[in-house]
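J.: Here it is: the structure, laid out below.
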Amino acid sequence: MLRISRILAPVLALAVLVGIVGIWDRLTTGDLNLNYGSYVPWGLWVGLYVYLVGMSGGAFSVAFLHHGLGIIALRRASGYAIPIALASLGAGLFLVLMDLGQLSRFWHLYTRTNFGSPLGLMIWVYTLYAGVLVAMLVAMARGSRGLLKPLSIAGFALVLVFGGGEGALFGVLSSKPLWNSGLLPIRFLAGAFLSGAAIVTFAVVAFRRWSADPEEHEALGLLRLALLLLLGTNIVLEFTETSVALYGGVPTLVEAHRLIIFGPYWWVFWIVQIGMGLVLPAIVLGTRLGASRPWLGAASLLIAVGLAGAKQNIVLPALAIPEFRSLPEAFVHPRLSITYFPSGTEWAVALGVVAAAALAFVVAIEVLPFLKEARSWGTGTLHDQRRVL
């Protein structure tokens, strides 16, 4: 077992136990100990759902680059990308399940699907995508390389559908100016590719079980370049949308952006989203530091954490702007508030579910033979591996 796995496994298991306590509270008390209400009906879990599902698609794109486009240097990274994609998808969907008012009715999404609704379509896309991930794991276990290319192409097509579809779920809500933009699906896709590439890069650096060789050097160089390009894209998109909204002067839109930038949770925007998620990693990766494995891994982890905050800044501020100015004063009740901060139960469930996803990945790479065995990774030169493939 890898040293980092021995360290992380008990820590993650303890976090999962905390999550189980939170889940039990949710199942036994319903919404009683949750801090979202009628005006802010979505909270921490929905923001994390959007983030984790997007991360899954971004991680899968690394596998697509290897299996679908034939980039040999990403062979090892693609091996880690599939279990990451499956674990993060499961975590995201479980969190949104916890957010449902009637948990026992989730199956209505399948039996009573409204195919005219983006949400109705998305549940089927998620299911097909999960099937592709499982099929790819089976094909990898059996050594059926011929199946991996068509599966990766099909999976990437589904990633584009649900990656942009998540943005469409919010973008079609014309009553929320912060969301109602054709740019939102593009932002969701760009953020998904960046977070997925970042978490795969971190996994490749932190959970390495192979010797340094030309393949690793080329792979880390490609991942570093991809992260820089995606960071640049996300910075441009963030600046473009914010500056245009503020200059345009639409009152509700300006108010939402000012709430993000200068509101009570300004630090989520400036420190977590911009500082940790974009600027600091760009500085590290754009200098000599980025050529170092430890610094590359640290920058990748910063991106993954920072973009989690970015998704909260998309989901919550739009809900904190009331449709009618006097509405919060007209009806006063804890559930009729435009201010929101996650409760202990919400934090516990979020921590436990994310920890369970991370633990599932650790168990997968330590138990699944095609990921665990050293011979699966090869010891020859990159030229020899190209000849074999």
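Scheme for the structure tokens: letters A, B, ... for chains in order shown; per-chain residue numbers from 1; ligand numbers from 1 in order shown.
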Using only C-alpha atoms, which protein or nucleic acid residues come within 9 Å of Leu183 (chain A)? Drop anything in the same chain fewer than 3 positions from it, and give the result as a compact mmCIF listing (two decimals) with N, CA and C atoms, in the first residue's frame.

T.:
```txt
# COMPACT_ATOMS: atom_id res chain seq x y z
N GLY A 167 -25.12 24.14 -16.79
CA GLY A 167 -25.24 25.58 -16.95
C GLY A 167 -26.61 25.98 -17.46
N GLY A 171 -29.19 28.68 -16.42
CA GLY A 171 -29.27 29.75 -17.40
C GLY A 171 -30.66 30.02 -17.93
N ASN A 180 -29.18 34.01 -15.84
CA ASN A 180 -29.81 34.05 -17.16
C ASN A 180 -28.83 34.60 -18.22
N ILE A 186 -20.99 27.69 -20.98
CA ILE A 186 -19.58 27.70 -21.34
C ILE A 186 -18.71 27.79 -20.08
N ARG A 187 -19.14 28.62 -19.13
CA ARG A 187 -18.41 28.73 -17.87
C ARG A 187 -18.41 27.41 -17.11
N PHE A 188 -19.53 26.72 -17.12
CA PHE A 188 -19.61 25.44 -16.43
C PHE A 188 -18.68 24.42 -17.07
N LEU A 237 -13.04 34.31 -18.79
CA LEU A 237 -14.50 34.21 -18.66
C LEU A 237 -14.99 34.92 -17.41
N GLU A 241 -17.46 38.27 -17.74
CA GLU A 241 -18.83 38.30 -17.24
C GLU A 241 -19.00 39.34 -16.14
```

J.: Pull the alpha helix (DSSP H) assignments for region 202-280 of chain A out of DSSP run on the backbone, and list those residues as number ranges by chain.

T.: A: 202-206, 214-248, 251-262, 266-267, 280

J.: For a quick check of understanding, using only C-alpha atoms, which of A:Leu109, A:Val279, A:Ile314, A:Ile235 has the smallest distance to Gly43 (chain A)?

T.: A:Ile314

J.: Find the residue from A:Ala245, A:Ala298, A:Ala141, A:Met122 that sits nearest to Lys372 (chain A); use only C-alpha atoms when measuring.

T.: A:Ala141

J.: With region 150-163 of chain A as the partner and 12 Å as the cut-off, tabulate the residues of region 42-144 of chain A that qualify, each row holding the nearest pair of atoms and their distance in Å to one decimal, using only C-alpha atoms, sorted by chain and rising number, as CSV.

T.:
```
residue,atom,partner,partner_atom,distance
A:Val50,CA,A:Gly163,CA,9.3
A:Tyr51,CA,A:Gly163,CA,10.3
A:Leu52,CA,A:Gly163,CA,11.1
A:Val53,CA,A:Gly163,CA,8.1
A:Gly54,CA,A:Gly163,CA,6.1
A:Met55,CA,A:Gly163,CA,9.4
A:Ser56,CA,A:Val159,CA,8.6
A:Gly57,CA,A:Val159,CA,5.2
A:Gly58,CA,A:Val159,CA,8.0
A:Ala59,CA,A:Val159,CA,10.0
A:Phe60,CA,A:Phe156,CA,7.2
A:Ser61,CA,A:Phe156,CA,6.5
A:Val62,CA,A:Phe156,CA,9.8
A:Ala63,CA,A:Ser152,CA,7.1
A:Phe64,CA,A:Ser152,CA,5.2
A:Leu65,CA,A:Ser152,CA,8.7
A:His66,CA,A:Ser152,CA,8.9
A:His67,CA,A:Ser152,CA,6.3
A:Gly68,CA,A:Ser152,CA,5.7
A:Leu69,CA,A:Ile153,CA,8.9
A:Gly70,CA,A:Ser152,CA,11.0
A:Ser78,CA,A:Ser152,CA,10.6
A:Ala81,CA,A:Ser152,CA,11.6
A:Ile82,CA,A:Ser152,CA,10.1
A:Ala85,CA,A:Val159,CA,10.7
A:Leu86,CA,A:Gly155,CA,11.8
A:Leu89,CA,A:Val159,CA,11.3
A:Pro118,CA,A:Phe162,CA,9.5
A:Leu119,CA,A:Phe162,CA,9.9
A:Gly120,CA,A:Phe162,CA,11.6
A:Leu121,CA,A:Phe162,CA,9.1
A:Met122,CA,A:Phe162,CA,6.4
A:Ile123,CA,A:Phe162,CA,9.3
A:Trp124,CA,A:Phe162,CA,9.9
A:Val125,CA,A:Leu158,CA,6.6
A:Tyr126,CA,A:Phe162,CA,7.4
A:Thr127,CA,A:Leu158,CA,10.1
A:Leu128,CA,A:Leu158,CA,7.9
A:Tyr129,CA,A:Gly155,CA,5.9
A:Ala130,CA,A:Gly155,CA,8.9
A:Gly131,CA,A:Gly155,CA,9.1
A:Val132,CA,A:Gly155,CA,6.0
A:Leu133,CA,A:Gly155,CA,7.6
A:Val134,CA,A:Leu151,CA,10.2
A:Ala135,CA,A:Leu151,CA,7.7
A:Met136,CA,A:Leu151,CA,6.7
A:Leu137,CA,A:Leu151,CA,10.5
A:Val138,CA,A:Leu151,CA,11.3
A:Ala139,CA,A:Leu151,CA,9.5
A:Met140,CA,A:Leu151,CA,11.3
A:Ser144,CA,A:Leu151,CA,11.2
```

J.: A:Ile271, A:Phe370, A:Leu100, A:Leu246: which is nearest Pro41 (chain A), counting only C-alpha atoms?

T.: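 Result for the nearest residue to Pro41 (chain A): A:Leu100.
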
J.: Using only C-alpha atoms, which of the listed residues (A:Val349, A:Val362, A:Leu147, A:Ala304) sits closest to Val11 (chain A)?

T.: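 Of all the options, A:Val362 lies closest to Val11 (chain A).
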
J.: Need to verify the contact set: Leu259 (chain A), 12 Å, only C-alpha atoms, exclusion of same-chain residues closer than 2 positions in sequence. Can you return it as a PyMOL selection string?

T.: chain A and resi 178+242+246+252-257+261-269+313-314+316-321+338-339

J.: Compile the contact shell of region 283-285 of chain A as a PyMOL selection string: residues with an atom at most 7 Å away, counting only C-alpha atoms, same-chain residues fewer than 2 positions apart removed.

T.: chain A and resi 224+228+279-281+287+289-290+296+299

J.: Just how far from CA of Asn33 (chain A) is CA of Phe341 (chain A), in Å to one decimal?

T.: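 The value is 12.1 Å.
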
J.: Please determine, counting only C-alpha atoms, which residue among A:Leu307, A:Val363, A:Leu93, A:Val236 has the shortest atom-to-atom distance to Ser195 (chain A).

T.: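 Of the candidates, the smallest distance to Ser195 (chain A) is held by A:Leu307.
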
J.: Taking into account only C-alpha atoms, which residue in the set A:Trp295, A:Trp42, A:Tyr36, A:Trp24 is nearest to Phe170 (chain A)?

T.: A:Trp42

J.: Which residues are close to Ala15 (chain A), i.e. within 7 Å by only C-alpha atoms, leaving aside same-chain residues fewer than 2 positions away? Reply as a PyMOL selection string.

T.: chain A and resi 11-13+17-19+351-352+355

J.: For a test of reading the model, state the distance in Å between CA of Ile199 (chain A) and CA of Tyr340 (chain A), rounded to one decimal.

T.: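 Atom-to-atom, CA of Ile199 (chain A) and CA of Tyr340 (chain A) are spaced 28.6 Å apart.
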
J.: Any idea what the distance is between CA of Ser343 (chain A) and CA of Asp31 (chain A)?

T.: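 Result for CA of Ser343 (chain A) versus CA of Asp31 (chain A): 10.8 Å, one decimal.
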
J.: Counting only C-alpha atoms, which residues of region 142-241 of chain A sit at most 12 Å from some atom of region 365-368 of chain A, and what is each one's closest atom pair with its distance in Å to one decimal, listed by chain and rising residue number, as a Markdown table?

T.:
```
| residue | atom | partner | partner_atom | distance |
| --- | --- | --- | --- | --- |
| A:Arg142 | CA | A:Leu368 | CA | 11.5 |
| A:Ala203 | CA | A:Ile365 | CA | 10.4 |
| A:Val204 | CA | A:Ile365 | CA | 11.3 |
| A:Phe207 | CA | A:Ile365 | CA | 8.8 |
| A:Arg208 | CA | A:Ile365 | CA | 10.4 |
| A:Arg209 | CA | A:Ile365 | CA | 9.9 |
```

J.: Using only C-alpha atoms, which residues sit within 12 Å of Ala226 (chain A) once same-chain residues fewer than 6 positions away are excluded, as a list of chain:residue names?

T.: A:Gly58, A:Ser61, A:Val62, A:Leu65, A:Leu74, A:Ala190, A:Phe193, A:Leu194, A:Ser195, A:Gly196, A:Ala197, A:Ala198, A:Val200, A:Thr201, A:Ala219, A:Leu220, A:Gly232, A:Thr233, A:Ala282, A:Leu285, A:Gly286, A:Ser300

J.: With N, CA, C and O atoms kept, could you save the residues just selected as a short mmCIF file (atom, residue, chain, number, x, y, z; two decimals), in the first residue's frame?

T.:
```cif
data_model
loop_
_atom_site.label_atom_id
_atom_site.label_comp_id
_atom_site.auth_asym_id
_atom_site.auth_seq_id
_atom_site.Cartn_x
_atom_site.Cartn_y
_atom_site.Cartn_z
N GLY A 58 -14.68 16.58 -16.16
CA GLY A 58 -13.34 17.05 -16.45
C GLY A 58 -12.30 15.96 -16.29
O GLY A 58 -11.36 15.86 -17.09
N SER A 61 -12.34 13.67 -19.24
CA SER A 61 -11.72 14.22 -20.45
C SER A 61 -10.26 13.81 -20.56
O SER A 61 -9.73 13.67 -21.68
N VAL A 62 -9.59 13.59 -19.42
CA VAL A 62 -8.20 13.12 -19.45
C VAL A 62 -8.15 11.70 -20.02
O VAL A 62 -7.28 11.37 -20.84
N LEU A 65 -8.62 11.87 -23.76
CA LEU A 65 -7.41 12.27 -24.49
C LEU A 65 -6.51 11.07 -24.76
O LEU A 65 -5.87 10.99 -25.80
N LEU A 74 -0.50 10.06 -21.51
CA LEU A 74 -1.52 10.17 -20.47
C LEU A 74 -2.08 8.82 -20.04
O LEU A 74 -3.13 8.75 -19.41
N ALA A 190 -15.93 25.06 -18.89
CA ALA A 190 -14.55 25.46 -18.65
C ALA A 190 -14.12 25.14 -17.22
O ALA A 190 -13.02 24.63 -16.99
N PHE A 193 -13.69 21.22 -16.86
CA PHE A 193 -12.45 20.71 -17.43
C PHE A 193 -11.25 21.08 -16.54
O PHE A 193 -10.34 20.27 -16.35
N LEU A 194 -11.28 22.30 -15.99
CA LEU A 194 -10.16 22.72 -15.14
C LEU A 194 -10.12 21.93 -13.84
O LEU A 194 -9.07 21.43 -13.45
N SER A 195 -11.25 21.81 -13.15
CA SER A 195 -11.26 21.08 -11.88
C SER A 195 -10.94 19.61 -12.08
O SER A 195 -10.21 19.00 -11.28
N GLY A 196 -11.47 18.99 -13.17
CA GLY A 196 -11.18 17.59 -13.42
C GLY A 196 -9.73 17.34 -13.75
O GLY A 196 -9.11 16.40 -13.23
N ALA A 197 -9.15 18.18 -14.60
CA ALA A 197 -7.73 18.04 -14.93
C ALA A 197 -6.87 18.26 -13.70
O ALA A 197 -5.84 17.58 -13.51
N ALA A 198 -7.28 19.20 -12.84
CA ALA A 198 -6.51 19.49 -11.63
C ALA A 198 -6.50 18.31 -10.66
O ALA A 198 -5.45 17.94 -10.13
N VAL A 200 -7.03 15.14 -11.30
CA VAL A 200 -6.29 14.02 -11.87
C VAL A 200 -4.79 14.28 -11.76
O VAL A 200 -4.01 13.37 -11.42
N THR A 201 -4.37 15.51 -12.02
CA THR A 201 -2.95 15.85 -11.88
C THR A 201 -2.48 15.65 -10.45
O THR A 201 -1.41 15.08 -10.20
N ALA A 219 3.99 13.34 -19.49
CA ALA A 219 2.62 13.44 -18.98
C ALA A 219 2.45 14.67 -18.09
O ALA A 219 1.49 15.43 -18.24
N LEU A 220 3.39 14.88 -17.17
CA LEU A 220 3.29 16.04 -16.28
C LEU A 220 3.42 17.34 -17.05
O LEU A 220 2.76 18.34 -16.72
N GLY A 232 -6.17 30.16 -17.89
CA GLY A 232 -6.33 31.37 -18.68
C GLY A 232 -7.74 31.55 -19.19
O GLY A 232 -8.31 32.65 -19.14
N THR A 233 -8.34 30.45 -19.66
CA THR A 233 -9.72 30.51 -20.16
C THR A 233 -10.69 30.91 -19.07
O THR A 233 -11.56 31.76 -19.26
N ALA A 282 -1.87 29.87 -11.21
CA ALA A 282 -1.33 30.36 -12.48
C ALA A 282 0.11 30.84 -12.30
O ALA A 282 0.97 30.62 -13.17
N LEU A 285 2.31 27.57 -11.79
CA LEU A 285 2.45 26.76 -13.00
C LEU A 285 3.15 27.53 -14.12
O LEU A 285 3.75 26.92 -15.01
N GLY A 286 3.08 28.85 -14.09
CA GLY A 286 3.69 29.64 -15.14
C GLY A 286 5.15 29.95 -14.90
O GLY A 286 5.80 30.57 -15.76
N SER A 300 -2.32 22.07 -8.25
CA SER A 300 -3.51 21.35 -8.70
C SER A 300 -4.53 21.23 -7.58
O SER A 300 -5.75 21.40 -7.81
#
```
